[in-house]
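**Q** Just so it is clear, I am handing over run_10.txt, which has compact mmCIF, C-alpha atoms.
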```
# COMPACT_ATOMS: atom_id res chain seq x y z
CA MET A 6 77.28 107.77 128.84
CA LEU A 7 77.96 104.64 126.82
CA PRO A 8 81.44 103.61 125.68
CA HIS A 9 82.41 104.03 122.04
CA PRO A 10 83.01 100.72 120.19
CA TYR A 11 86.71 101.61 119.91
CA ALA A 12 86.95 101.91 123.70
CA ASN A 13 85.36 98.47 123.99
CA LEU A 14 88.26 96.95 122.07
CA PHE A 15 90.26 96.95 125.31
CA PRO A 16 89.39 95.10 128.52
CA THR A 17 87.99 97.00 131.46
CA MET A 18 89.63 97.13 134.86
CA LYS A 19 88.43 94.60 137.38
CA GLY A 20 88.95 93.61 140.98
CA SER A 21 91.61 95.29 143.08
CA ALA A 22 92.91 97.43 140.21
CA PHE A 23 89.46 98.97 139.78
CA GLN A 24 89.01 99.42 143.54
CA GLU A 25 92.39 101.20 143.69
CA LEU A 26 91.21 103.57 140.94
CA VAL A 27 87.98 104.25 142.85
CA ALA A 28 89.97 105.01 146.03
CA SER A 29 92.36 107.27 144.11
CA ILE A 30 89.51 109.25 142.56
CA ARG A 31 87.69 109.42 145.89
CA ASN A 32 90.82 110.77 147.62
CA ASP A 33 92.36 112.91 144.87
CA GLY A 34 89.54 113.59 142.44
CA LEU A 35 89.51 112.92 138.72
CA GLU A 36 92.93 114.01 137.47
CA GLN A 37 92.44 113.28 133.77
CA PRO A 38 89.19 114.12 131.96
CA ILE A 39 87.18 111.50 130.11
CA VAL A 40 87.44 111.85 126.34
CA THR A 41 84.30 111.57 124.21
CA PHE A 42 83.71 111.07 120.51
CA GLU A 43 80.34 110.96 118.77
CA GLY A 44 78.63 111.35 122.16
CA LYS A 45 80.27 108.24 123.60
CA ILE A 46 83.27 107.59 125.86
CA LEU A 47 86.34 107.12 123.68
CA ASP A 48 88.84 107.05 126.53
CA GLY A 49 88.07 106.79 130.23
CA ARG A 50 85.41 104.09 130.70
CA ASN A 51 87.15 102.94 133.85
CA ARG A 52 87.52 106.48 135.18
CA ALA A 53 83.82 107.17 134.48
CA ALA A 54 82.78 104.00 136.34
CA ALA A 55 85.16 104.79 139.20
CA CYS A 56 83.77 108.34 139.45
CA ALA A 57 80.25 106.95 139.68
CA ASN A 58 81.37 104.45 142.32
CA ALA A 59 83.20 107.15 144.30
CA GLN A 60 80.33 109.64 143.81
CA VAL A 61 82.68 112.15 142.15
CA THR A 62 81.52 114.27 139.22
CA SER A 63 83.15 113.28 135.94
CA THR A 64 84.79 115.82 133.64
CA TYR A 65 84.41 115.30 129.89
CA VAL A 66 86.27 116.71 126.88
CA LYS A 67 85.59 116.06 123.20
CA ASP A 68 88.25 114.41 121.08
CA LYS A 69 89.58 117.00 118.66
CA GLY A 70 91.69 114.66 116.54
CA ASP A 71 90.93 113.03 113.24
CA ASP A 72 92.00 109.49 114.18
CA PRO A 73 89.85 108.23 117.07
CA LEU A 74 90.94 104.62 116.61
CA GLY A 75 94.62 105.59 116.62
CA PHE A 76 93.96 107.70 119.74
CA VAL A 77 92.45 104.75 121.59
CA ILE A 78 95.22 102.37 120.58
CA ARG A 79 98.03 104.82 121.45
CA HIS A 80 96.57 105.60 124.85
CA ASN A 81 95.73 102.06 125.85
CA LEU A 82 98.90 100.38 124.67
CA THR A 83 101.02 102.75 126.73
CA ARG A 84 98.70 102.89 129.71
CA LYS A 85 97.75 99.26 130.07
CA HIS A 86 100.19 96.44 130.49
CA LEU A 87 98.80 94.08 127.92
CA THR A 88 100.35 90.76 127.08
CA THR A 89 100.76 89.52 123.53
CA SER A 90 97.68 87.34 124.00
CA GLN A 91 95.62 90.27 125.23
CA ARG A 92 96.80 92.48 122.37
CA GLY A 93 95.89 89.62 120.02
CA LEU A 94 92.36 89.61 121.43
CA VAL A 95 92.13 93.38 120.91
CA ALA A 96 93.41 93.02 117.33
CA ASP A 97 90.79 90.31 116.70
CA LYS A 98 88.05 92.62 117.99
CA LEU A 99 89.37 95.42 115.78
CA ALA A 100 89.41 93.17 112.71
CA ASN A 101 85.79 92.27 113.44
CA LEU A 102 84.32 95.74 113.84
CA GLU A 103 81.45 96.15 111.44
CA LYS A 104 80.12 99.13 109.54
CA GLY A 105 78.25 101.18 112.09
CA ASP A 106 80.89 100.60 114.77
CA ASN A 107 82.62 103.64 113.25
CA GLN A 108 83.76 101.68 110.22
CA HIS A 109 82.13 104.26 107.93
CA THR A 110 83.88 103.07 104.79
CA GLY A 111 82.46 99.57 104.92
CA ASN A 112 86.02 98.29 104.55
CA PRO A 113 86.75 96.49 107.80
CA THR A 114 90.25 96.43 109.19
CA SER A 115 92.12 93.36 108.00
CA GLN A 116 93.77 90.96 110.43
CA ALA A 117 97.16 92.01 109.07
CA THR A 118 96.45 95.70 109.66
CA ALA A 119 95.03 95.02 113.12
CA ALA A 120 98.06 92.88 113.96
CA GLU A 121 100.41 95.66 112.89
CA MET A 122 98.49 98.28 114.87
CA LEU A 123 98.63 96.15 118.03
CA ASN A 124 102.22 94.96 117.53
CA VAL A 125 101.37 91.25 117.26
CA SER A 126 101.62 88.64 114.53
CA VAL A 127 98.75 87.69 112.25
CA ASP A 128 99.05 84.20 113.75
CA THR A 129 98.36 85.68 117.21
CA VAL A 130 95.24 87.40 115.84
CA GLN A 131 94.08 84.15 114.26
CA GLN A 132 94.61 82.28 117.53
CA ALA A 133 92.61 84.98 119.34
CA LYS A 134 89.85 84.62 116.75
CA LYS A 135 89.68 80.87 117.40
CA LEU A 136 89.47 81.53 121.13
CA ARG A 137 86.72 84.13 120.61
CA GLU A 138 84.79 81.74 118.36
CA THR A 139 84.68 79.17 121.15
CA GLY A 140 82.39 81.66 122.86
CA ASP A 141 83.99 80.85 126.17
CA GLU A 142 84.13 84.28 127.84
CA GLU A 143 85.19 82.65 131.11
CA LEU A 144 88.23 81.12 129.40
CA ILE A 145 89.16 84.45 127.84
CA GLU A 146 88.74 86.26 131.16
CA ALA A 147 90.67 83.57 133.03
CA GLU A 148 93.57 83.89 130.59
CA GLY A 149 93.62 87.64 131.08
CA GLN A 150 93.48 87.35 134.86
CA LYS A 151 96.25 84.75 134.88
CA LEU A 152 98.47 87.05 132.88
CA LEU A 153 97.69 90.02 135.14
CA ARG A 154 98.69 87.96 138.21
CA LEU A 155 102.00 87.13 136.52
CA TRP A 156 102.50 90.80 135.73
CA ASP A 157 101.87 91.72 139.37
CA LYS A 158 104.62 89.29 140.43
CA THR A 159 107.13 90.71 137.96
CA SER A 160 109.82 93.07 139.22
CA ALA A 161 110.04 96.66 138.01
CA ASP A 162 113.09 95.72 135.91
CA GLY A 163 111.20 92.80 134.38
CA ARG A 164 108.23 95.02 133.55
CA ALA A 165 110.49 97.65 131.99
CA PHE A 166 112.23 94.97 129.91
CA PHE A 167 108.90 93.57 128.74
CA LEU A 168 107.55 97.00 127.79
CA ARG A 169 110.74 97.73 125.81
CA TRP A 170 110.50 94.32 124.16
CA ILE A 171 106.94 94.92 122.90
CA GLY A 172 107.73 98.50 121.95
CA ALA A 173 105.39 100.07 124.52
CA ASP A 174 107.96 101.81 126.70
```
Turn this file's structure into structure tokens for me.

**A**
Amino acid sequence: MLPHPYANLFPTMKGSAFQELVASIRNDGLEQPIVTFEGKILDGRNRAAACANAQVTSTYVKDKGDDPLGFVIRHNLTRKHLTTSQRGLVADKLANLEKGDNQHTGNPTSQATAAEMLNVSVDTVQQAKKLRETGDEELIEAEGQKLLRLWDKTSADGRAFFLRWIGAD
């Protein structure tokens, strides 16, 4: 099953984090079902891939809410430890969704609205847009990986402070 465009706003797991998820699912099974919307994965792309890798059958449930974008943002901001730069990249992607990517109204999300939804400044979204426009996916990925390595080195108290500071605790 393909991911929904809203799910693709957020980065996928890579490397050791993904391998740990595969091992967890292999050992303990899939503990949280994968959520679908419009026949696509709204939440759980990483779990679906890990299930396939671990040869475990995935469980799916349909989203019953009326705000699929809000659902994705709420679940990913609390679940994933995203830096301001990473949230800026997500906000930029959100501001660039086009009609057909579940923007039924034809009124795309503004940078200001996307910034507010992702708890970043408009300036951060504009910087992310400039980075995206360079087309340098390796640079974007390298920035994300660098930030994840810093996160891994941070103490539990430091992580808790950061999550409180960005309002994701």

**Q** In Å to one decimal, how far is atom CA of A:Glu43 from atom CA of A:Leu74?

**A** 12.5 Å

**Q** So that I can see what lies close to A:Val125, please list as a list in words the residues with an atom at most 9 Å from it, counting only C-alpha atoms and leaving out residues fewer than 4 positions away in the same chain.

**A** Thr89, Ser90, Arg92, Gly93, Ala96, Ala119, Ala120, Glu121, Thr129, Val130 and Ile171 of chain A

**Q** Do you know which residues lie at most 12 Å from (81.0, 111.3, 137.5), with coordinates as in the file and all atoms listed in the file counted, and could you write them as a PyMOL selection string?

**A** chain A and resi 6+27+30-31+34-35+38-39+49-65

**Q** Mind giving me the straight-line distance from atom CA of A:Pro8 to atom CA of A:Ile46 in Å, one decimal?

**A**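 So the two atoms, atom CA of A:Pro8 and atom CA of A:Ile46, lie 4.4 Å apart.
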
**Q** Do you have the atom CA of A:Lys69-atom CA of A:Phe15 distance handy?

**A**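 So the answer is 21.1 Å.
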
**Q** Quick one: axis-aligned box around all listed atoms of stretch 132-135 of chain A, 3 Å on every side, centre and edge lengths in Å to one decimal, written as AutoDock Vina command-line options.

**A**
```
--center_x 92.1 --center_y 82.9 --center_z 118.0 --size_x 10.9 --size_y 10.1 --size_z 8.6
```

**Q** Could you check the closest approach to A:Pro10 for each of A:Leu47, A:Leu82, A:Ala161, A:Val127 and tell me which residue wins, using only C-alpha atoms?

**A** A:Leu47

**Q** Quick one: everything within 12 Å of A:Asp72, counting all atoms listed in the file, minus sequence neighbours fewer than 3 positions away in the same chain. Send it as a ChimeraX atom specification.

**A** /A:11,42,47,68-69,75-79,107

**Q** Restricting the calculation to all atoms listed in the file: of A:Val40, A:Ala100, A:Val66, A:Val95, which residue gets closest to A:Thr17?

**A**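 Residue with the minimum atom-to-atom distance to A:Thr17: A:Val95.
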